[in-house]
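Heads up, run.cif below (mmCIF, C-alpha atoms):
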```cif
data_structure
#
loop_
_atom_site.group_PDB
_atom_site.id
_atom_site.type_symbol
_atom_site.label_atom_id
_atom_site.label_comp_id
_atom_site.auth_asym_id
_atom_site.auth_seq_id
_atom_site.Cartn_x
_atom_site.Cartn_y
_atom_site.Cartn_z
ATOM 1 C CA MET A 19 8.631 12.747 -21.765
ATOM 2 C CA ASP A 20 6.031 15.540 -21.752
ATOM 3 C CA ARG A 21 6.578 18.977 -20.258
ATOM 4 C CA ARG A 22 4.493 18.278 -17.155
ATOM 5 C CA THR A 23 6.351 15.060 -16.368
ATOM 6 C CA PHE A 24 9.679 16.829 -16.834
ATOM 7 C CA LEU A 25 8.701 19.694 -14.525
ATOM 8 C CA GLU A 26 7.365 17.326 -11.859
ATOM 9 C CA GLY A 27 10.579 15.327 -12.011
ATOM 10 C CA ALA A 28 12.688 18.451 -11.779
ATOM 11 C CA ALA A 29 10.721 19.701 -8.784
ATOM 12 C CA ALA A 30 11.119 16.375 -7.022
ATOM 13 C CA ALA A 31 14.836 16.275 -7.762
ATOM 14 C CA ALA A 32 15.273 19.734 -6.290
ATOM 15 C CA THR A 33 14.124 18.440 -2.905
ATOM 16 C CA VAL A 34 16.516 15.511 -2.834
ATOM 17 C CA GLY A 35 19.932 15.826 -1.223
ATOM 18 C CA VAL A 36 23.090 14.066 -2.323
ATOM 19 C CA ALA A 37 22.626 11.306 0.251
ATOM 20 C CA SER A 38 19.045 10.720 -0.903
ATOM 21 C CA GLU A 39 20.117 10.496 -4.531
ATOM 22 C CA ALA A 40 22.711 7.888 -3.606
ATOM 23 C CA VAL A 41 20.062 5.783 -1.870
ATOM 24 C CA ALA A 42 17.784 5.822 -4.912
ATOM 25 C CA LEU A 43 20.522 5.187 -7.472
ATOM 26 C CA SER A 44 22.171 2.309 -5.619
ATOM 27 C CA PHE A 45 19.047 0.122 -5.647
ATOM 28 C CA THR A 46 17.844 -1.680 -8.750
ATOM 29 C CA SER A 47 14.735 -3.821 -9.043
ATOM 30 C CA THR A 48 12.473 -5.059 -11.821
ATOM 31 C CA ARG A 49 9.462 -5.069 -9.492
ATOM 32 C CA VAL A 50 9.541 -1.659 -7.823
ATOM 33 C CA SER A 51 11.178 1.711 -8.223
ATOM 34 C CA VAL A 52 11.847 4.187 -5.437
ATOM 35 C CA GLN A 53 11.996 7.960 -5.558
ATOM 36 C CA VAL A 54 13.484 9.761 -2.553
ATOM 37 C CA ARG A 55 12.420 13.239 -1.454
ATOM 38 C CA GLY A 56 13.454 15.409 1.465
ATOM 39 C CA GLU A 57 15.710 14.874 4.458
ATOM 40 C CA GLY A 58 15.103 13.528 7.945
ATOM 41 C CA GLN A 59 13.753 10.330 9.451
ATOM 42 C CA ASP A 60 13.199 7.668 6.786
ATOM 43 C CA VAL A 61 9.579 7.004 5.785
ATOM 44 C CA ILE A 62 8.617 4.490 3.096
ATOM 45 C CA LEU A 63 5.316 5.215 1.312
ATOM 46 C CA ILE A 64 3.635 2.305 -0.498
ATOM 47 C CA PRO A 65 0.599 2.915 -2.747
ATOM 48 C CA GLY A 66 -2.398 0.670 -3.264
ATOM 49 C CA LEU A 67 -3.650 -1.396 -6.175
ATOM 50 C CA THR A 68 -3.166 0.300 -9.586
ATOM 51 C CA ASN A 69 -2.002 3.514 -7.898
ATOM 52 C CA GLY A 70 1.304 5.263 -8.521
ATOM 53 C CA ARG A 71 3.516 7.063 -6.050
ATOM 54 C CA SER A 72 1.725 10.326 -6.862
ATOM 55 C CA VAL A 73 -1.076 9.410 -4.420
ATOM 56 C CA TRP A 74 1.379 10.457 -1.694
ATOM 57 C CA ASP A 75 2.262 13.864 -3.146
ATOM 58 C CA GLY A 76 -0.164 15.697 -0.861
ATOM 59 C CA THR A 77 1.137 13.860 2.190
ATOM 60 C CA VAL A 78 4.758 14.697 1.382
ATOM 61 C CA ARG A 79 3.882 18.371 0.966
ATOM 62 C CA ALA A 80 1.701 18.524 4.087
ATOM 63 C CA VAL A 81 4.082 16.660 6.402
ATOM 64 C CA PRO A 82 7.609 17.956 5.658
ATOM 65 C CA GLY A 83 10.765 17.227 7.604
ATOM 66 C CA TYR A 84 11.218 13.571 6.658
ATOM 67 C CA ARG A 85 13.118 11.641 4.029
ATOM 68 C CA TYR A 86 10.374 9.984 2.029
ATOM 69 C CA HIS A 87 10.972 6.890 -0.066
ATOM 70 C CA LEU A 88 8.070 6.757 -2.536
ATOM 71 C CA VAL A 89 7.529 3.304 -3.985
ATOM 72 C CA GLN A 90 6.062 2.606 -7.422
ATOM 73 C CA VAL A 91 5.008 -0.939 -8.300
ATOM 74 C CA ALA A 92 5.986 -2.148 -11.775
ATOM 75 C CA GLY A 93 2.874 -2.636 -13.883
ATOM 76 C CA PHE A 94 0.834 0.031 -12.084
ATOM 77 C CA ALA A 95 -0.017 3.573 -13.209
ATOM 78 C CA GLY A 96 1.714 3.401 -16.573
ATOM 79 C CA ASP A 97 4.953 1.700 -15.529
ATOM 80 C CA PRO A 98 5.994 -1.422 -17.505
ATOM 81 C CA ALA A 99 5.226 -4.750 -15.830
ATOM 82 C CA GLY A 100 8.899 -5.703 -15.583
ATOM 83 C CA GLY A 101 9.482 -8.454 -13.058
ATOM 84 C CA ASN A 102 5.809 -8.424 -12.094
ATOM 85 C CA ALA A 103 4.847 -9.789 -15.517
ATOM 86 C CA SER A 104 4.636 -13.252 -13.978
ATOM 87 C CA GLY A 105 4.239 -14.857 -10.582
ATOM 88 C CA ARG A 106 3.064 -13.338 -7.343
ATOM 89 C CA VAL A 107 2.979 -9.572 -6.997
ATOM 90 C CA VAL A 108 2.094 -8.490 -3.456
ATOM 91 C CA SER A 109 4.487 -10.736 -1.535
ATOM 92 C CA ALA A 110 7.210 -10.189 -4.144
ATOM 93 C CA VAL A 111 6.910 -6.423 -3.701
ATOM 94 C CA ALA A 112 7.189 -6.898 0.073
ATOM 95 C CA GLU A 113 10.406 -8.862 -0.434
ATOM 96 C CA GLU A 114 11.828 -6.113 -2.632
ATOM 97 C CA ILE A 115 11.019 -3.405 -0.102
ATOM 98 C CA ALA A 116 12.672 -5.448 2.640
ATOM 99 C CA ARG A 117 15.718 -5.775 0.376
ATOM 100 C CA TYR A 118 15.665 -2.036 -0.294
ATOM 101 C CA ILE A 119 15.704 -1.294 3.436
ATOM 102 C CA ALA A 120 18.734 -3.547 3.869
ATOM 103 C CA GLU A 121 20.675 -2.353 0.815
ATOM 104 C CA ALA A 122 19.987 1.326 1.497
ATOM 105 C CA LYS A 123 21.012 0.749 5.136
ATOM 106 C CA LEU A 124 17.879 2.422 6.465
ATOM 107 C CA LYS A 125 17.667 2.300 10.252
ATOM 108 C CA SER A 126 14.192 1.520 11.581
ATOM 109 C CA PRO A 127 12.253 3.314 8.837
ATOM 110 C CA ALA A 128 8.554 4.024 9.200
ATOM 111 C CA LEU A 129 6.373 2.220 6.656
ATOM 112 C CA ILE A 130 3.043 3.669 5.544
ATOM 113 C CA GLY A 131 0.961 1.667 3.096
ATOM 114 C CA HIS A 132 -2.499 2.239 1.693
ATOM 115 C CA SER A 133 -4.750 -0.728 0.913
ATOM 116 C CA MET A 134 -2.546 -3.232 -0.955
ATOM 117 C CA GLY A 135 0.388 -1.132 0.218
ATOM 118 C CA GLY A 136 -0.795 -1.666 3.786
ATOM 119 C CA ILE A 137 -0.690 -5.422 3.270
ATOM 120 C CA VAL A 138 2.837 -5.046 1.894
ATOM 121 C CA ALA A 139 3.904 -2.963 4.910
ATOM 122 C CA VAL A 140 2.464 -5.519 7.339
ATOM 123 C CA MET A 141 4.204 -8.340 5.449
ATOM 124 C CA VAL A 142 7.557 -6.584 5.762
ATOM 125 C CA ALA A 143 7.059 -5.925 9.482
ATOM 126 C CA ALA A 144 5.966 -9.506 10.194
ATOM 127 C CA ARG A 145 8.557 -11.280 8.056
ATOM 128 C CA TYR A 146 11.485 -8.926 8.692
ATOM 129 C CA PRO A 147 10.776 -7.537 12.193
ATOM 130 C CA ALA A 148 14.186 -5.902 12.545
ATOM 131 C CA ARG A 149 13.749 -3.811 9.392
ATOM 132 C CA ALA A 150 10.597 -1.876 10.335
ATOM 133 C CA GLY A 151 10.652 0.906 12.904
ATOM 134 C CA LYS A 152 6.903 1.521 12.889
ATOM 135 C CA VAL A 153 4.038 0.676 10.555
ATOM 136 C CA MET A 154 0.828 2.378 9.435
ATOM 137 C CA ALA A 155 -1.693 0.343 7.436
ATOM 138 C CA VAL A 156 -4.400 2.457 5.815
ATOM 139 C CA ASP A 157 -7.893 1.033 5.274
ATOM 140 C CA ILE A 158 -7.011 -2.620 4.873
ATOM 141 C CA LEU A 159 -7.692 -5.747 6.908
ATOM 142 C CA PRO A 160 -5.008 -8.423 7.407
ATOM 143 C CA SER A 161 -7.328 -10.767 5.499
ATOM 144 C CA PRO A 162 -8.873 -8.460 2.882
ATOM 145 C CA ALA A 163 -11.575 -10.986 1.965
ATOM 146 C CA SER A 164 -12.855 -10.943 5.546
ATOM 147 C CA GLY A 165 -14.419 -7.576 4.807
ATOM 148 C CA PHE A 166 -16.894 -9.512 2.667
ATOM 149 C CA GLY A 167 -17.492 -12.321 5.139
ATOM 150 C CA PHE A 168 -14.912 -14.747 3.734
ATOM 151 C CA ALA A 169 -11.715 -16.196 5.105
ATOM 152 C CA GLY A 170 -8.807 -16.386 2.686
ATOM 153 C CA ALA A 171 -9.033 -20.189 2.560
ATOM 154 C CA GLN A 172 -12.780 -20.079 1.895
ATOM 155 C CA ILE A 173 -12.543 -17.680 -0.998
ATOM 156 C CA ALA A 174 -9.532 -19.339 -2.634
ATOM 157 C CA PRO A 175 -11.493 -21.802 -4.850
ATOM 158 C CA LEU A 176 -13.845 -19.039 -5.985
ATOM 159 C CA ALA A 177 -10.939 -16.683 -6.651
ATOM 160 C CA ASP A 178 -9.086 -19.373 -8.601
ATOM 161 C CA ALA A 179 -12.106 -20.026 -10.822
ATOM 162 C CA LEU A 180 -12.814 -16.333 -11.260
ATOM 163 C CA PHE A 181 -9.207 -15.481 -12.089
ATOM 164 C CA GLY A 182 -9.291 -17.634 -15.209
ATOM 165 C CA SER A 183 -12.195 -15.674 -16.678
ATOM 166 C CA LEU A 184 -11.390 -12.174 -15.480
ATOM 167 C CA MET A 185 -9.710 -11.002 -18.668
ATOM 168 C CA SER A 186 -11.302 -13.366 -21.207
ATOM 169 C CA THR A 187 -14.781 -11.809 -21.415
ATOM 170 C CA PRO A 188 -16.301 -8.319 -21.138
ATOM 171 C CA GLY A 189 -18.169 -9.486 -18.044
ATOM 172 C CA GLY A 190 -14.954 -10.756 -16.543
ATOM 173 C CA ARG A 191 -13.233 -7.447 -17.151
ATOM 174 C CA ARG A 192 -16.118 -5.601 -15.486
ATOM 175 C CA THR A 193 -15.861 -7.953 -12.517
ATOM 176 C CA LEU A 194 -12.138 -7.307 -12.294
ATOM 177 C CA ASP A 195 -12.704 -3.550 -12.342
ATOM 178 C CA ASN A 196 -15.215 -3.938 -9.494
ATOM 179 C CA LEU A 197 -12.702 -5.971 -7.497
ATOM 180 C CA ILE A 198 -10.006 -3.400 -8.184
ATOM 181 C CA GLY A 199 -12.285 -0.705 -6.799
ATOM 182 C CA THR A 200 -12.928 -2.828 -3.731
ATOM 183 C CA PHE A 201 -9.196 -3.086 -3.091
ATOM 184 C CA GLY A 202 -8.622 0.605 -3.624
ATOM 185 C CA GLY A 203 -7.591 1.052 -7.226
ATOM 186 C CA SER A 204 -8.963 2.618 -10.364
ATOM 187 C CA GLY A 205 -10.302 0.535 -13.229
ATOM 188 C CA ILE A 206 -7.614 -0.781 -15.543
ATOM 189 C CA ALA A 207 -8.564 1.568 -18.384
ATOM 190 C CA ASN A 208 -8.433 4.575 -16.072
ATOM 191 C CA SER A 209 -5.257 3.601 -14.233
ATOM 192 C CA ARG A 210 -3.046 2.777 -17.260
ATOM 193 C CA SER A 211 -2.030 -0.354 -15.358
ATOM 194 C CA ASP A 212 -1.043 -3.705 -16.812
ATOM 195 C CA SER A 213 -4.116 -5.949 -16.718
ATOM 196 C CA GLY A 214 -2.189 -9.128 -15.966
ATOM 197 C CA VAL A 215 -0.302 -7.594 -13.045
ATOM 198 C CA VAL A 216 -3.518 -6.137 -11.639
ATOM 199 C CA ALA A 217 -5.427 -9.409 -12.009
ATOM 200 C CA ARG A 218 -2.744 -11.430 -10.226
ATOM 201 C CA ALA A 219 -2.350 -8.835 -7.479
ATOM 202 C CA THR A 220 -6.130 -8.793 -6.959
ATOM 203 C CA HIS A 221 -6.226 -12.588 -6.775
ATOM 204 C CA GLU A 222 -3.363 -12.574 -4.284
ATOM 205 C CA LEU A 223 -5.072 -9.970 -2.096
ATOM 206 C CA ALA A 224 -8.310 -11.950 -2.132
ATOM 207 C CA THR A 225 -6.543 -15.096 -0.924
ATOM 208 C CA THR A 226 -4.108 -13.525 1.556
ATOM 209 C CA ASP A 227 -4.589 -13.866 5.306
ATOM 210 C CA LEU A 228 -1.862 -12.320 7.445
ATOM 211 C CA THR A 229 -3.717 -12.915 10.720
ATOM 212 C CA PRO A 230 -1.350 -15.725 11.834
ATOM 213 C CA GLU A 231 1.644 -13.450 11.178
ATOM 214 C CA LEU A 232 0.475 -10.408 13.149
ATOM 215 C CA SER A 233 1.971 -11.669 16.407
ATOM 216 C CA LYS A 234 5.422 -11.615 14.779
ATOM 217 C CA ILE A 235 5.334 -7.837 14.363
ATOM 218 C CA LYS A 236 7.633 -6.102 16.846
ATOM 219 C CA ALA A 237 7.218 -2.548 15.545
ATOM 220 C CA PRO A 238 4.397 -0.282 16.751
ATOM 221 C CA LEU A 239 1.420 -0.747 14.430
ATOM 222 C CA THR A 240 -1.175 1.918 13.638
ATOM 223 C CA VAL A 241 -4.242 1.114 11.551
ATOM 224 C CA VAL A 242 -6.132 4.031 10.008
ATOM 225 C CA TYR A 243 -9.507 3.109 8.543
ATOM 226 C CA ALA A 244 -12.390 4.893 6.865
ATOM 227 C CA VAL A 245 -15.995 4.955 8.012
ATOM 228 C CA PRO A 246 -18.047 6.583 5.224
ATOM 229 C CA SER A 247 -20.759 9.072 6.096
ATOM 230 C CA SER A 248 -23.280 6.594 4.693
ATOM 231 C CA ALA A 249 -22.179 3.790 7.036
ATOM 232 C CA GLN A 250 -25.165 2.617 9.074
ATOM 233 C CA ASP A 251 -23.214 0.703 11.657
ATOM 234 C CA ALA A 252 -19.902 2.392 12.434
ATOM 235 C CA PRO A 253 -19.499 0.345 15.658
ATOM 236 C CA ALA A 254 -19.577 -2.818 13.532
ATOM 237 C CA VAL A 255 -16.716 -1.469 11.425
ATOM 238 C CA ASP A 256 -14.828 -0.690 14.629
ATOM 239 C CA ARG A 257 -15.385 -4.253 15.872
ATOM 240 C CA LEU A 258 -14.250 -5.742 12.569
ATOM 241 C CA TYR A 259 -10.940 -3.877 12.668
ATOM 242 C CA ARG A 260 -10.441 -4.447 16.397
ATOM 243 C CA THR A 261 -11.061 -8.194 16.057
ATOM 244 C CA SER A 262 -9.022 -8.539 12.874
ATOM 245 C CA TYR A 263 -5.927 -6.882 14.343
ATOM 246 C CA ALA A 264 -6.253 -8.380 17.838
ATOM 247 C CA PRO A 265 -3.242 -10.720 17.369
ATOM 248 C CA ALA A 266 -0.995 -7.678 16.836
ATOM 249 C CA LYS A 267 0.100 -6.637 20.300
ATOM 250 C CA ASP A 268 -0.896 -3.060 21.132
ATOM 251 C CA ALA A 269 -2.132 -2.224 17.632
ATOM 252 C CA ARG A 270 -3.448 1.334 17.609
ATOM 253 C CA LEU A 271 -6.708 1.774 15.673
ATOM 254 C CA ARG A 272 -7.700 5.162 14.296
ATOM 255 C CA ARG A 273 -11.126 5.688 12.710
ATOM 256 C CA VAL A 274 -11.580 8.485 10.129
ATOM 257 C CA PRO A 275 -15.288 9.378 9.954
ATOM 258 C CA GLY A 276 -16.748 10.598 6.689
ATOM 259 C CA ALA A 277 -13.907 9.112 4.654
ATOM 260 C CA THR A 278 -13.888 6.839 1.654
ATOM 261 C CA HIS A 279 -11.292 4.167 0.938
ATOM 262 C CA MET A 280 -8.943 6.797 -0.511
ATOM 263 C CA VAL A 281 -8.646 8.449 2.890
ATOM 264 C CA MET A 282 -5.871 10.803 1.816
ATOM 265 C CA TYR A 283 -8.202 12.294 -0.803
ATOM 266 C CA SER A 284 -11.571 12.257 0.972
ATOM 267 C CA GLN A 285 -10.360 13.547 4.367
ATOM 268 C CA PRO A 286 -6.879 14.908 3.647
ATOM 269 C CA GLN A 287 -6.449 17.150 6.690
ATOM 270 C CA ARG A 288 -7.514 14.428 9.105
ATOM 271 C CA PHE A 289 -5.261 11.953 7.329
ATOM 272 C CA TYR A 290 -2.277 14.299 7.437
ATOM 273 C CA ALA A 291 -2.893 14.820 11.159
ATOM 274 C CA GLU A 292 -2.834 11.047 11.690
ATOM 275 C CA VAL A 293 0.428 10.770 9.755
ATOM 276 C CA ARG A 294 2.016 13.579 11.786
ATOM 277 C CA GLU A 295 1.019 11.950 15.067
ATOM 278 C CA PHE A 296 2.199 8.539 13.866
ATOM 279 C CA LEU A 297 5.611 9.839 12.804
ATOM 280 C CA ARG A 298 6.136 11.880 15.967
ATOM 281 C CA SER A 299 5.213 9.046 18.339
#
```
Render the structure in this file as structure tokens.
Amino acid sequence: MDRRTFLEGAAAAATVGVASEAVALSFTSTRVSVQVRGEGQDVILIPGLTNGRSVWDGTVRAVPGYRYHLVQVAGFAGDPAGGNASGRVVSAVAEEIARYIAEAKLKSPALIGHSMGGIVAVMVAARYPARAGKVMAVDILPSPASGFGFAGAQIAPLADALFGSLMSTPGGRRTLDNLIGTFGGSGIANSRSDSGVVARATHELATTDLTPELSKIKAPLTVVYAVPSSAQDAPAVDRLYRTSYAPAKDARLRRVPGATHMVMYSQPQRFYAEVREFLRS
């Protein structure tokens, strides 16, 4: 462990009370790890593809007064692949977070997920309605492939064929890095993530369509999405999100102008304001 990692860990530990430590230590998983910071209402933070829990550090600092449960996915951002070394990744992570909520006895926690993490949060809310108090999905559609004009079923054969070649050739690796960027992550070389875990998670995202499950969500749902400054047709982006989330009763859509996919980095103050409003509501 280097000095920086040690100091960051010590600083995080200093903010965690005895009850929070007990929550973190009582849960074991080979697919995710959870770090708990602060005290207050429970908020689970789920990062996107290839990202580690550190993407939420600014949010935790800017919006104090809550007990944050910061998730890290095994195989991402330098963590060993663990249980994610085979099989599905996204839905398996959702199952583990639902189990964490139950085992830690969290009462109606808020879930905030970015990109792939948003899909995970929506999965938990739809499949375990009693375990989610409220949900925020950040810059992700319920069918991620629909952002490119495909339905999950339509893209499945292409994704299956592509998956086999993603890691076998230089061109395939470049394609995978492009897909990772599309779904919110850094390239494999830059992210220190396990290539197999990332490839399977990317394939799963490309073929996932949660639209039929949105009506099962009982918790209030907020969707925060970016509209880059270069976007020529912001109303079209609005329509895409409004139509995509229509099956979710009373979904609240919040556009962040001038933002990129990493909303918390490109427009941090606006993003923090959205998080504050979401948690207070």
>> From the options A:Arg272, A:Arg145, A:Arg257, A:Lys152, which residue's atoms come nearest to Ala128 of chain A, counting all atoms listed in the file?
In response: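 Nearest candidate to Ala128 of chain A out of A:Arg272, A:Arg145, A:Arg257, A:Lys152: A:Lys152.
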Coordinates of box centre and edge lengths for segment 131-146 of chain A, 4 Å on every side, axis-aligned, as JSON:
```
{"center_x": 3.4, "center_y": -4.5, "center_z": 4.6, "size_x": 24.2, "size_y": 21.5, "size_z": 19.1}
```
>> When the PyMOL selection byres ((chain A and resi 150) around 7) is applied to the structure above, which residues does it catch, written out as an NGL selection string?
In response: :A and (126-129 or 143 or 147-149 or 151-152 or 237)
Got time to write the residues from that selection, C-alpha atoms, as a JSON list (two decimals), in the coordinates of the input?
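File produced: out-v4.json:
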```json
[["chain", "number", "residue", "atom", "x", "y", "z"],
["A", 126, "SER", "CA", 14.19, 1.52, 11.58],
["A", 127, "PRO", "CA", 12.25, 3.31, 8.84],
["A", 128, "ALA", "CA", 8.55, 4.02, 9.20],
["A", 129, "LEU", "CA", 6.37, 2.22, 6.66],
["A", 143, "ALA", "CA", 7.06, -5.92, 9.48],
["A", 147, "PRO", "CA", 10.78, -7.54, 12.19],
["A", 148, "ALA", "CA", 14.19, -5.90, 12.54],
["A", 149, "ARG", "CA", 13.75, -3.81, 9.39],
["A", 151, "GLY", "CA", 10.65, 0.91, 12.90],
["A", 152, "LYS", "CA", 6.90, 1.52, 12.89],
["A", 237, "ALA", "CA", 7.22, -2.55, 15.54]]
```
Enumerate, in order of chain and increasing residue number, the residues of segment 212-269 of chain A with an atom no farther than 12 Å from segment 107-123 of chain A, each with its shortest atom pair and distance in Å to one decimal, counting all atoms listed in the file, as a tab-separated table.
```
residue	atom	partner	partner_atom	distance
A:Gly214	CA	A:Val107	CA	10.4
A:Val215	CA	A:Val107	CA	7.2
A:Val216	CA	A:Val107	CA	8.7
A:Ala217	CA	A:Val107	CA	9.8
A:Arg218	CA	A:Val107	CA	6.8
A:Ala219	CA	A:Val107	CA	5.4
A:Thr220	CA	A:Val108	CA	8.9
A:His221	CA	A:Val107	CA	9.7
A:Glu222	CA	A:Val108	CA	6.9
A:Leu223	CA	A:Val108	CA	7.4
A:Ala224	CA	A:Val108	CA	11.0
A:Thr225	CA	A:Val108	CA	11.2
A:Thr226	CA	A:Val108	CA	9.4
A:Asp227	CA	A:Ser109	CA	11.8
A:Leu228	CA	A:Ser109	CA	11.1
```
> Looking at all atoms listed in the file, which of A:Leu63, A:Thr68, A:Tyr259, A:Gly276 is the one that sits closest to Ala139 of chain A?
Replying inline: A:Leu63
>> Once the PyMOL selection byres ((chain A and resi 286) around 12) is applied to the coordinates I shared, what remains selected? I want it as a ChimeraX atom specification.
In response: /A:73-81,244,274-285,287-293
Could you write out the selected residues, including C-alpha atoms, as a PDB file, in the coordinates of the input?
```
ATOM      1  CA  VAL A  73      -1.076   9.410  -4.420  1.00  0.00           C
ATOM      2  CA  TRP A  74       1.379  10.457  -1.694  1.00  0.00           C
ATOM      3  CA  ASP A  75       2.262  13.864  -3.146  1.00  0.00           C
ATOM      4  CA  GLY A  76      -0.164  15.697  -0.861  1.00  0.00           C
ATOM      5  CA  THR A  77       1.137  13.860   2.190  1.00  0.00           C
ATOM      6  CA  VAL A  78       4.758  14.697   1.382  1.00  0.00           C
ATOM      7  CA  ARG A  79       3.882  18.371   0.966  1.00  0.00           C
ATOM      8  CA  ALA A  80       1.701  18.524   4.087  1.00  0.00           C
ATOM      9  CA  VAL A  81       4.082  16.660   6.402  1.00  0.00           C
ATOM     10  CA  ALA A 244     -12.390   4.893   6.865  1.00  0.00           C
ATOM     11  CA  VAL A 274     -11.580   8.485  10.129  1.00  0.00           C
ATOM     12  CA  PRO A 275     -15.288   9.378   9.954  1.00  0.00           C
ATOM     13  CA  GLY A 276     -16.748  10.598   6.689  1.00  0.00           C
ATOM     14  CA  ALA A 277     -13.907   9.112   4.654  1.00  0.00           C
ATOM     15  CA  THR A 278     -13.888   6.839   1.654  1.00  0.00           C
ATOM     16  CA  HIS A 279     -11.292   4.167   0.938  1.00  0.00           C
ATOM     17  CA  MET A 280      -8.943   6.797  -0.511  1.00  0.00           C
ATOM     18  CA  VAL A 281      -8.646   8.449   2.890  1.00  0.00           C
ATOM     19  CA  MET A 282      -5.871  10.803   1.816  1.00  0.00           C
ATOM     20  CA  TYR A 283      -8.202  12.294  -0.803  1.00  0.00           C
ATOM     21  CA  SER A 284     -11.571  12.257   0.972  1.00  0.00           C
ATOM     22  CA  GLN A 285     -10.360  13.547   4.367  1.00  0.00           C
ATOM     23  CA  GLN A 287      -6.449  17.150   6.690  1.00  0.00           C
ATOM     24  CA  ARG A 288      -7.514  14.428   9.105  1.00  0.00           C
ATOM     25  CA  PHE A 289      -5.261  11.953   7.329  1.00  0.00           C
ATOM     26  CA  TYR A 290      -2.277  14.299   7.437  1.00  0.00           C
ATOM     27  CA  ALA A 291      -2.893  14.820  11.159  1.00  0.00           C
ATOM     28  CA  GLU A 292      -2.834  11.047  11.690  1.00  0.00           C
ATOM     29  CA  VAL A 293       0.428  10.770   9.755  1.00  0.00           C
TER      30      VAL A 293
END
```
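Residue nearest Val52 of chain A, chosen from A:Thr240, A:Ala92, A:Ala163, A:Tyr84 and counting all atoms listed in the file: A:Ala92.
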> Any idea what's packed within 8 Å of Thr48 of chain A, counting all atoms listed in the file, ignoring anything in its chain fewer than 6 positions away? Could you give it as a VMD selection string?
Replying inline: chain A and resid 92 100 to 102
> Between atom CA of His132 of chain A and atom CA of Gln250 of chain A, what is the distance, to one decimal in Å?
Replying inline: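 Here the two named atoms are 23.8 Å from each other.
Atom to atom, atom CA of Phe45 of chain A and atom CA of Phe94 of chain A stand 19.3 Å apart.
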What would the list of residues within 7 Å of (2.2, -3.2, -15.6) (file frame) look like as a compact mmCIF listing (two decimals) with C-alpha atoms, keeping the file's coordinate frame, if only C-alpha atoms are what count?
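Output saved as part.txt:
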```txt
# COMPACT_ATOMS: atom_id res chain seq x y z
CA ALA A 92 5.99 -2.15 -11.78
CA GLY A 93 2.87 -2.64 -13.88
CA PHE A 94 0.83 0.03 -12.08
CA GLY A 96 1.71 3.40 -16.57
CA ASP A 97 4.95 1.70 -15.53
CA PRO A 98 5.99 -1.42 -17.50
CA ALA A 99 5.23 -4.75 -15.83
CA SER A 211 -2.03 -0.35 -15.36
CA ASP A 212 -1.04 -3.70 -16.81
CA SER A 213 -4.12 -5.95 -16.72
CA VAL A 215 -0.30 -7.59 -13.04
```
>> When you count only C-alpha atoms, which of these residues is closest to Lys267 of chain A: A:Ser44, A:Ser104, A:Ser233, A:Gln90?
In response: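 Answer, going by the shortest atom-to-atom distance: A:Ser233.
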>> Using all atoms listed in the file for the distances, tell me which of A:Pro253, A:Gly66, A:Pro160, A:Pro265 is nearest to Met134 of chain A.
In response: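 When distances to Met134 of chain A are compared using all atoms listed in the file, the smallest one comes from A:Gly66.
Here atom CA of Lys236 of chain A and atom CA of Ser164 of chain A stand 23.9 Å from one another.
Proximity of A:Pro230, A:Pro246, A:Gly58, A:Pro82 to Val140 of chain A, computed with only C-alpha atoms, is greatest for A:Pro230.
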>> Applying the PyMOL selection byres ((chain A and resi 268) around 8) to the file I just gave you, which residues come out? Please list them as a list in words.
In response: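 Applied to this file, the PyMOL selection byres ((chain A and resi 268) around 8) returns Pro238, Leu239, Ala266, Lys267, Ala269 and Arg270 of chain A.
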